[in-house]
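Structure data follow from model.cif (mmCIF, C-alpha atoms and all ligand atoms):
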```cif
data_data
loop_
_atom_site.label_atom_id
_atom_site.label_comp_id
_atom_site.auth_asym_id
_atom_site.auth_seq_id
_atom_site.Cartn_x
_atom_site.Cartn_y
_atom_site.Cartn_z
CA MET A 311 -9.67 -24.03 -102.57
CA THR A 312 -6.09 -24.08 -103.79
CA GLN A 313 -4.10 -22.82 -106.73
CA GLN A 314 -4.40 -26.20 -108.27
CA PRO A 315 -6.45 -26.75 -111.40
CA PRO A 316 -8.74 -29.79 -111.35
CA PRO A 317 -7.12 -33.19 -111.79
CA ALA A 318 -6.43 -34.01 -115.41
CA GLY A 319 -9.13 -36.27 -116.80
CA PRO A 320 -10.43 -37.45 -120.12
CA ALA A 321 -13.80 -35.68 -119.95
CA ASP A 322 -14.63 -32.82 -122.27
CA PRO A 323 -15.95 -29.71 -120.55
CA PRO A 324 -19.73 -29.95 -120.14
CA ASP A 325 -20.29 -27.13 -122.61
CA GLY A 326 -18.69 -29.03 -125.47
CA PRO A 327 -15.32 -29.79 -127.03
CA ALA A 328 -12.25 -27.63 -126.49
CA PRO A 329 -11.91 -24.46 -128.62
CA PRO A 330 -10.03 -25.49 -131.77
CA ASP A 331 -6.85 -23.54 -131.01
CA LEU A 332 -6.34 -24.84 -127.47
CA PRO A 333 -5.31 -28.24 -126.10
CA GLU A 334 -8.08 -29.82 -124.03
CA ARG A 335 -6.24 -29.31 -120.73
CA VAL A 336 -5.70 -25.58 -121.33
CA ALA A 337 -9.29 -25.18 -122.49
CA ARG A 338 -10.62 -26.81 -119.35
CA VAL A 339 -8.54 -24.73 -116.94
CA TYR A 340 -9.67 -21.44 -118.53
CA GLY A 341 -13.18 -22.64 -119.33
CA GLU A 342 -15.42 -24.13 -116.70
CA PHE A 343 -12.68 -24.05 -114.04
CA ASP A 344 -11.82 -20.33 -114.46
CA LEU A 345 -8.33 -20.23 -112.96
CA SER A 346 -8.64 -16.52 -112.13
CA THR A 347 -11.08 -17.36 -109.31
CA VAL A 348 -8.65 -19.41 -107.19
CA PRO A 349 -7.22 -17.56 -104.16
CA ALA A 350 -3.56 -17.93 -105.15
CA PHE A 351 -4.38 -15.39 -107.84
CA ALA A 352 -6.31 -12.28 -106.94
CA GLY A 353 -8.07 -9.35 -108.50
CA GLY A 354 -8.88 -11.19 -111.75
CA PHE A 355 -5.27 -11.47 -112.95
CA ILE A 356 -3.60 -14.86 -113.46
CA ASN A 357 0.14 -14.45 -113.04
CA PHE A 358 2.84 -15.03 -110.41
CA GLY A 359 3.43 -11.30 -110.03
CA TYR A 360 6.44 -9.03 -109.82
CA TRP A 361 6.95 -8.03 -106.22
CA THR A 362 9.88 -5.62 -106.02
CA GLY A 363 7.81 -2.41 -105.90
CA LEU A 364 5.71 -3.15 -102.82
CA PRO A 365 5.68 -0.46 -100.14
CA GLY A 366 6.93 -1.07 -96.59
CA PRO A 367 9.60 -3.33 -95.11
CA ALA A 368 10.54 -6.34 -97.25
CA ASP A 369 9.77 -8.81 -94.45
CA ARG A 370 6.27 -7.60 -93.57
CA GLU A 371 3.11 -9.72 -93.87
CA LEU A 372 1.88 -9.80 -97.47
CA THR A 373 -1.79 -9.08 -98.11
CA THR A 374 -4.27 -9.80 -100.87
CA ALA A 375 -3.85 -6.16 -101.96
CA ASP A 376 -0.11 -6.83 -102.32
CA ARG A 377 -0.90 -9.88 -104.41
CA VAL A 378 -3.05 -7.83 -106.80
CA ARG A 379 -0.37 -5.10 -106.90
CA SER A 380 2.27 -7.72 -107.79
CA GLU A 381 0.19 -8.88 -110.76
CA GLU A 382 -0.39 -5.31 -111.94
CA ASP A 383 3.32 -4.59 -111.47
CA LEU A 384 4.23 -7.48 -113.76
CA TYR A 385 2.16 -5.72 -116.43
CA ARG A 386 3.83 -2.39 -115.52
CA LEU A 387 7.27 -3.95 -115.94
CA VAL A 388 6.36 -5.20 -119.40
CA LEU A 389 4.59 -2.03 -120.53
CA GLY A 390 7.45 0.09 -119.19
CA THR A 391 9.71 -1.36 -121.91
CA PHE A 392 7.80 0.61 -124.59
CA ASP A 393 9.29 3.97 -125.45
CA ARG A 394 6.68 6.78 -125.76
CA PRO A 395 3.66 4.46 -125.69
CA ARG A 396 0.94 7.17 -125.79
CA GLY A 397 -1.40 6.75 -128.76
CA ARG A 398 0.27 3.61 -130.05
CA THR A 399 -1.68 0.52 -131.05
CA ALA A 400 -1.14 -2.32 -128.59
CA LEU A 401 -1.91 -6.02 -128.60
CA ASP A 402 -1.98 -8.22 -125.47
CA VAL A 403 -1.63 -11.88 -126.50
CA GLY A 404 -3.28 -14.20 -123.94
CA CYS A 405 -5.08 -11.32 -122.21
CA GLY A 406 -7.19 -13.43 -119.83
CA ARG A 407 -9.75 -11.14 -118.16
CA GLY A 408 -8.27 -8.14 -119.93
CA LEU A 409 -7.36 -6.21 -116.79
CA GLY A 410 -3.82 -5.66 -118.08
CA CYS A 411 -5.31 -4.18 -121.26
CA ALA A 412 -7.27 -1.66 -119.18
CA LEU A 413 -4.09 -0.83 -117.24
CA ALA A 414 -2.20 -0.30 -120.52
CA LEU A 415 -4.87 2.16 -121.63
CA ARG A 416 -5.22 3.93 -118.28
CA GLU A 417 -1.61 4.21 -117.13
CA PHE A 418 0.45 4.07 -120.33
CA GLY A 419 -1.90 5.78 -122.79
CA LEU A 420 -1.53 2.96 -125.31
CA GLU A 421 -4.51 3.23 -127.64
CA PRO A 422 -6.21 1.35 -129.09
CA VAL A 423 -5.52 -1.69 -126.95
CA ILE A 424 -6.58 -5.06 -128.33
CA GLY A 425 -6.81 -8.04 -125.99
CA LEU A 426 -6.48 -11.38 -127.76
CA ASP A 427 -7.26 -14.72 -126.15
CA ALA A 428 -7.86 -18.16 -127.62
CA HIS A 429 -10.53 -19.11 -125.08
CA PRO A 430 -14.04 -17.79 -125.80
CA ASP A 431 -14.89 -17.84 -122.07
CA GLN A 432 -11.91 -15.60 -121.32
CA ILE A 433 -12.96 -13.17 -124.05
CA ALA A 434 -16.49 -13.11 -122.57
CA ARG A 435 -15.04 -12.48 -119.09
CA ALA A 436 -12.76 -9.73 -120.42
CA ARG A 437 -15.69 -7.98 -122.11
CA ASP A 438 -17.69 -8.28 -118.92
CA ALA A 439 -14.88 -7.11 -116.60
CA ASN A 440 -14.16 -4.07 -118.78
CA ALA A 441 -17.73 -3.35 -119.89
CA ASP A 442 -17.55 0.29 -118.76
CA LEU A 443 -14.68 0.93 -121.22
CA LEU A 444 -16.42 -0.65 -124.19
CA PRO A 445 -18.58 1.34 -126.61
CA ALA A 446 -21.84 -0.36 -125.56
CA ALA A 447 -21.53 1.30 -122.11
CA GLY A 448 -20.47 4.68 -123.47
CA GLY A 449 -16.71 4.01 -123.83
CA SER A 450 -15.21 5.58 -126.95
CA PRO A 451 -15.27 3.24 -129.93
CA GLY A 452 -11.92 1.76 -130.83
CA ARG A 453 -10.08 2.41 -127.54
CA LEU A 454 -10.29 -1.13 -126.20
CA GLU A 455 -11.46 -4.31 -127.83
CA PHE A 456 -11.29 -8.02 -127.16
CA LEU A 457 -10.72 -10.50 -129.95
CA LEU A 458 -11.00 -14.27 -129.98
CA GLY A 459 -7.92 -15.77 -131.58
CA ALA A 460 -4.73 -17.72 -131.08
CA ALA A 461 -1.16 -16.55 -130.64
CA GLN A 462 -0.12 -18.75 -133.56
CA ARG A 463 -2.87 -17.32 -135.84
CA ILE A 464 -3.43 -13.70 -134.91
CA PRO A 465 -6.55 -12.33 -136.64
CA LEU A 466 -5.04 -8.93 -137.47
CA PRO A 467 -3.54 -7.48 -140.68
CA ASP A 468 0.19 -7.29 -141.37
CA GLY A 469 1.96 -4.30 -139.84
CA SER A 470 -1.02 -3.14 -137.76
CA VAL A 471 0.47 -3.14 -134.21
CA ASP A 472 3.10 -0.90 -132.56
CA CYS A 473 3.49 -2.64 -129.20
CA LEU A 474 2.84 -6.34 -128.76
CA PHE A 475 2.99 -7.77 -125.25
CA SER A 476 2.17 -11.05 -123.56
CA VAL A 477 2.09 -11.80 -119.83
CA GLU A 478 2.32 -15.37 -118.52
CA ALA A 479 0.65 -16.95 -121.53
CA ALA A 480 3.54 -18.29 -123.67
CA GLN A 481 4.09 -21.27 -121.35
CA HIS A 482 0.82 -22.58 -122.85
CA PHE A 483 1.73 -22.03 -126.51
CA ARG A 484 2.41 -25.28 -128.36
CA ASP A 485 3.72 -23.46 -131.41
CA LEU A 486 6.12 -20.81 -130.15
CA PRO A 487 7.85 -20.37 -133.54
CA GLY A 488 4.37 -19.84 -135.01
CA PHE A 489 3.65 -17.15 -132.42
CA ALA A 490 7.03 -15.50 -133.16
CA ARG A 491 6.23 -15.41 -136.89
CA GLU A 492 2.80 -13.94 -136.22
CA ALA A 493 4.27 -11.33 -133.87
CA ALA A 494 6.80 -10.32 -136.55
CA ARG A 495 4.02 -10.17 -139.14
CA VAL A 496 1.55 -7.99 -137.21
CA LEU A 497 4.17 -5.57 -135.85
CA ARG A 498 4.89 -2.43 -137.87
CA PRO A 499 8.53 -1.73 -138.77
CA GLY A 500 10.00 -0.22 -135.59
CA GLY A 501 7.31 -1.88 -133.45
CA ARG A 502 8.30 -3.54 -130.19
CA LEU A 503 7.59 -6.85 -128.50
CA ALA A 504 7.70 -7.56 -124.75
CA LEU A 505 7.00 -11.05 -123.50
CA THR A 506 7.15 -12.31 -119.94
CA THR A 507 6.61 -15.72 -118.40
CA PHE A 508 8.49 -18.68 -116.92
CA PHE A 509 10.68 -20.91 -119.08
CA ALA A 510 13.08 -23.80 -118.54
CA ARG A 511 16.70 -22.71 -118.27
CA THR A 512 18.15 -25.58 -120.28
CA ARG A 513 17.11 -28.64 -122.28
CA ALA A 514 18.02 -30.90 -119.36
CA ALA A 515 15.84 -28.75 -117.07
CA ALA A 516 12.97 -29.05 -119.53
CA ARG A 517 13.21 -32.83 -119.26
CA ALA A 518 13.26 -32.70 -115.43
CA LEU A 519 10.43 -30.22 -114.84
CA PRO A 520 7.45 -32.57 -115.44
CA GLU A 521 8.66 -34.71 -112.52
CA LEU A 522 8.45 -31.75 -110.17
CA LEU A 523 5.51 -29.72 -111.45
CA PRO A 524 2.25 -31.41 -112.52
CA PRO A 525 1.20 -28.66 -115.00
CA TYR A 526 4.09 -29.77 -117.23
CA ALA A 527 3.17 -33.43 -116.85
CA ASP A 528 -0.56 -33.01 -117.44
CA GLY A 529 -0.31 -30.86 -120.56
CA LEU A 530 -1.25 -27.45 -119.17
CA ASP A 531 2.23 -25.97 -119.67
CA VAL A 532 5.10 -26.67 -122.05
CA PRO A 533 8.68 -26.52 -120.69
CA HIS A 534 10.02 -24.26 -123.43
CA VAL A 535 13.74 -23.55 -123.13
CA VAL A 536 14.40 -19.83 -122.87
CA ASP A 537 17.25 -19.72 -125.40
CA GLU A 538 15.09 -21.56 -127.91
CA VAL A 539 12.28 -19.03 -127.39
CA ALA A 540 14.75 -16.20 -128.04
CA ALA A 541 16.06 -18.03 -131.12
CA SER A 542 12.48 -18.35 -132.44
CA LEU A 543 12.03 -14.58 -132.19
CA THR A 544 15.27 -14.00 -134.09
CA ALA A 545 14.38 -16.63 -136.70
CA ALA A 546 11.04 -14.87 -137.26
CA GLY A 547 12.94 -11.72 -138.25
CA LEU A 548 12.77 -9.75 -135.01
CA ARG A 549 15.89 -7.75 -134.03
CA GLU A 550 17.60 -6.82 -130.80
CA VAL A 551 16.23 -9.84 -128.96
CA ARG A 552 17.09 -9.45 -125.28
CA VAL A 553 16.49 -11.90 -122.44
CA ARG A 554 16.32 -10.63 -118.87
CA PRO A 555 15.84 -13.05 -115.96
CA ILE A 556 13.51 -11.45 -113.41
CA GLY A 557 12.98 -14.39 -111.07
CA ASP A 558 14.56 -12.64 -108.09
CA GLY A 559 11.49 -10.39 -108.08
CA VAL A 560 9.02 -13.25 -108.52
CA TRP A 561 9.62 -16.59 -106.88
CA GLU A 562 10.69 -15.92 -103.28
CA PRO A 563 8.01 -13.27 -102.53
CA TYR A 564 5.35 -15.33 -104.32
CA ASP A 565 6.25 -18.31 -102.16
CA ARG A 566 6.34 -16.14 -99.02
CA TYR A 567 2.83 -14.89 -99.84
CA MET A 568 1.64 -18.49 -100.25
CA ALA A 569 3.30 -19.47 -96.96
CA GLN A 570 1.57 -16.63 -95.11
CA GLN A 571 -1.95 -17.51 -96.27
CA PRO A 572 -3.55 -20.23 -94.14
CA GLU A 573 -5.58 -21.58 -97.07
CA LEU A 574 -2.54 -21.67 -99.40
CA ARG A 575 0.44 -22.66 -97.30
CA ASP A 576 -0.27 -26.40 -97.57
CA ASP A 577 -0.74 -26.19 -101.32
CA GLU A 578 1.98 -28.68 -101.94
CA TRP A 579 3.18 -28.56 -105.54
CA PRO A 580 2.62 -24.83 -106.24
CA ARG A 581 5.21 -24.23 -103.51
CA ARG A 582 7.68 -26.23 -105.65
CA TYR A 583 8.13 -23.37 -108.15
CA LEU A 584 10.59 -21.83 -105.69
CA THR A 585 12.46 -25.14 -105.54
CA ALA A 586 12.53 -25.27 -109.34
CA TYR A 587 13.99 -21.76 -109.40
CA GLU A 588 16.51 -22.37 -106.63
CA THR A 589 17.73 -25.59 -108.21
CA GLY A 590 18.25 -23.86 -111.55
CA LEU A 591 15.48 -25.59 -113.49
CA LEU A 592 13.37 -22.60 -114.42
CA ASP A 593 13.22 -18.86 -114.14
CA TYR A 594 10.87 -16.03 -114.94
CA TYR A 595 12.02 -13.98 -117.95
CA LEU A 596 11.30 -10.74 -119.74
CA LEU A 597 12.11 -10.93 -123.46
CA THR A 598 12.10 -7.84 -125.63
CA ALA A 599 12.61 -7.40 -129.37
CA ALA A 600 12.14 -4.93 -132.21
CA ALA A 601 10.48 -5.37 -135.59
CA GLY A 602 11.66 -4.23 -139.01
C1 LIG B 1 -2.12 -17.49 -117.12
S1 LIG B 1 -3.34 -16.69 -118.10
C2 LIG B 1 -2.68 -15.03 -118.13
C3 LIG B 1 -3.76 -13.99 -118.34
C4 LIG B 1 -3.26 -12.54 -118.25
N1 LIG B 1 -2.21 -12.29 -119.20
C5 LIG B 1 -2.80 -12.21 -116.84
O1 LIG B 1 -1.59 -12.05 -116.62
O2 LIG B 1 -3.67 -12.11 -115.98
C6 LIG B 1 -3.00 -17.30 -119.75
C7 LIG B 1 -4.04 -16.91 -120.81
O3 LIG B 1 -3.52 -17.30 -122.09
C8 LIG B 1 -4.59 -17.80 -122.90
N2 LIG B 1 -3.99 -18.67 -123.93
C9 LIG B 1 -3.47 -19.91 -123.78
N3 LIG B 1 -3.01 -20.37 -124.95
C10 LIG B 1 -3.24 -19.40 -125.87
C11 LIG B 1 -2.97 -19.28 -127.26
N4 LIG B 1 -2.37 -20.26 -127.95
N5 LIG B 1 -3.32 -18.13 -127.88
C12 LIG B 1 -3.92 -17.12 -127.18
N6 LIG B 1 -4.22 -17.19 -125.87
C13 LIG B 1 -3.87 -18.31 -125.22
C14 LIG B 1 -5.49 -18.52 -121.90
O4 LIG B 1 -6.80 -18.69 -122.40
C15 LIG B 1 -5.40 -17.59 -120.67
O5 LIG B 1 -6.43 -16.63 -120.69
#
```
Let me see whether you can do it: turn the structure in this file into structure tokens.
Ligand SMILES: C[S@@+](CC[C@H](N)C(=O)[O-])C[C@H]1O[C@@H](n2cnc3c(N)ncnc32)[C@H](O)[C@@H]1O
Amino acid sequence: MTQQPPPAGPADPPDGPAPPDLPERVARVYGEFDLSTVPAFAGGFINFGYWTGLPGPADRELTTADRVRSEEDLYRLVLGTFDRPRGRTALDVGCGRGLGCALALREFGLEPVIGLDAHPDQIARARDANADLLPAAGGSPGRLEFLLGAAQRIPLPDGSVDCLFSVEAAQHFRDLPGFAREAARVLRPGGRLALTTFFARTRAAARALPELLPPYADGLDVPHVVDEVAASLTAAGLREVRVRPIGDGVWEPYDRYMAQQPELRDDEWPRRYLTAYETGLLDYYLLTAAAG
């Protein structure tokens, strides 16, 4: 098996039409296909990882444990942007299996933590993966919960969240300005946003990326331009919008990990993300902003 999602095709998933808030291609990849189970990802996370904190010499063989650590460390990088997080209400937009939500609770003391995802199968997987933390299994009520809902229509009241974060989900959002408005709406005055994923560096890059990377061509990902994403946050009323490229901690080690795994090294197009980075088409970014 490879990193690659199934070939794009016209068929609906066997269990019915796509969830209303997701394009068919996105719904399929996180529905029946369950991207978290492919070996390029590991440990139930679905992100490229942030690799700078791994122990040992930089040129050593990378293991599956390193891969999981890189994915957790991407969450740690994001959550580390929040000042005094203990006891603050957090929202993870595009939470996938919800393992980053559990990490936010466990390591950062954010509480309650709400994981939001637009795919009902992902919400079911998140509830399953974190069952021991949920009230039904004796977890304290209100510490962790998973909610079905879309980034562009967050089912939470105005001003109800202190720390809103999103890890490798915004490349799927069709309506980024809508997400930015919703983020500004649900954050309390003084609340903080931290968003990380890969974006196109320029408009011209956004036009070139579908040629190189099938997920842009087949409708899984959208080549949002990073400056336009930042402008959407500002236009939504968020302040202090900062953009930090973090690709030097992502693309080369991710590609090295792929190259070292016999079942992944021949995975042809996923290895092109490093090319896209090195040729200046895309980068991985951490965006932060303040509300109110
Ligand atoms: C690449 S996964 C990342 C999951 C998790 N953040 C992680 O790092 O492991 C992207 C997730 O975003 C969700 N997603 C995609 N579009 C969404 C939208 N418009 N609103 C909310 N969630 C969305 C998908 O269902 C999927 O679970």
| Residue with smallest distance to ligand LIG 1 (chain B) - pool A:Trp579, A:Phe358, A:Phe418, A:Phe343, counting all atoms listed in the file |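 Distance minimum relative to ligand LIG 1 (chain B) lands on A:Phe358.
Residues of protein, DNA or RNA having any atom at most 6 Å from ligand LIG 1 (chain B), counting all atoms listed in the file, are Tyr340, Phe355, Ile356, Asn357, Val403, Gly404, Cys405, Gly406, Asp427, Ala428, His429, Gln432, Ala460, Ala461, Val477, Glu478, Ala479, His482 and Phe483 of chain A.
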| Gap from atom CA of Thr391 of chain A to atom CA of Ala599 of chain A - Å, one decimal | 10.0 Å
| said: For segment 564-566 of chain A, find every residue with an atom within 9 Å (counting all atoms listed in the file), except residues of its own chain fewer than 4 positions away, and show them as a list in words. | reply: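 With the cut-off at 9 Å, the set is Phe358, Gly359, Tyr360, Trp361, Glu371, Leu372, Arg377, Ser380, Gly559, Val560, Gln570, Gln571, Arg575, Pro580, Arg581, Arg582, Tyr583 and Leu584 of chain A.
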| said: Restricting the calculation to all atoms listed in the file: of A:Leu596, A:Ala516, A:Ala494, A:Val539, which residue gets closest to Val553 of chain A? | reply: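 Among the listed residues, A:Leu596 lies closest to Val553 of chain A.
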| query | How many Å separate atom CA of Ser476 of chain A from atom CA of Gly448 of chain A? | reply |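 Here the two named atoms are 27.6 Å from each other.
Considering all atoms listed in the file, the residue among A:Leu387, A:Leu466, A:Thr544, A:Gly341 positioned nearest to Leu497 of chain A is A:Leu466.
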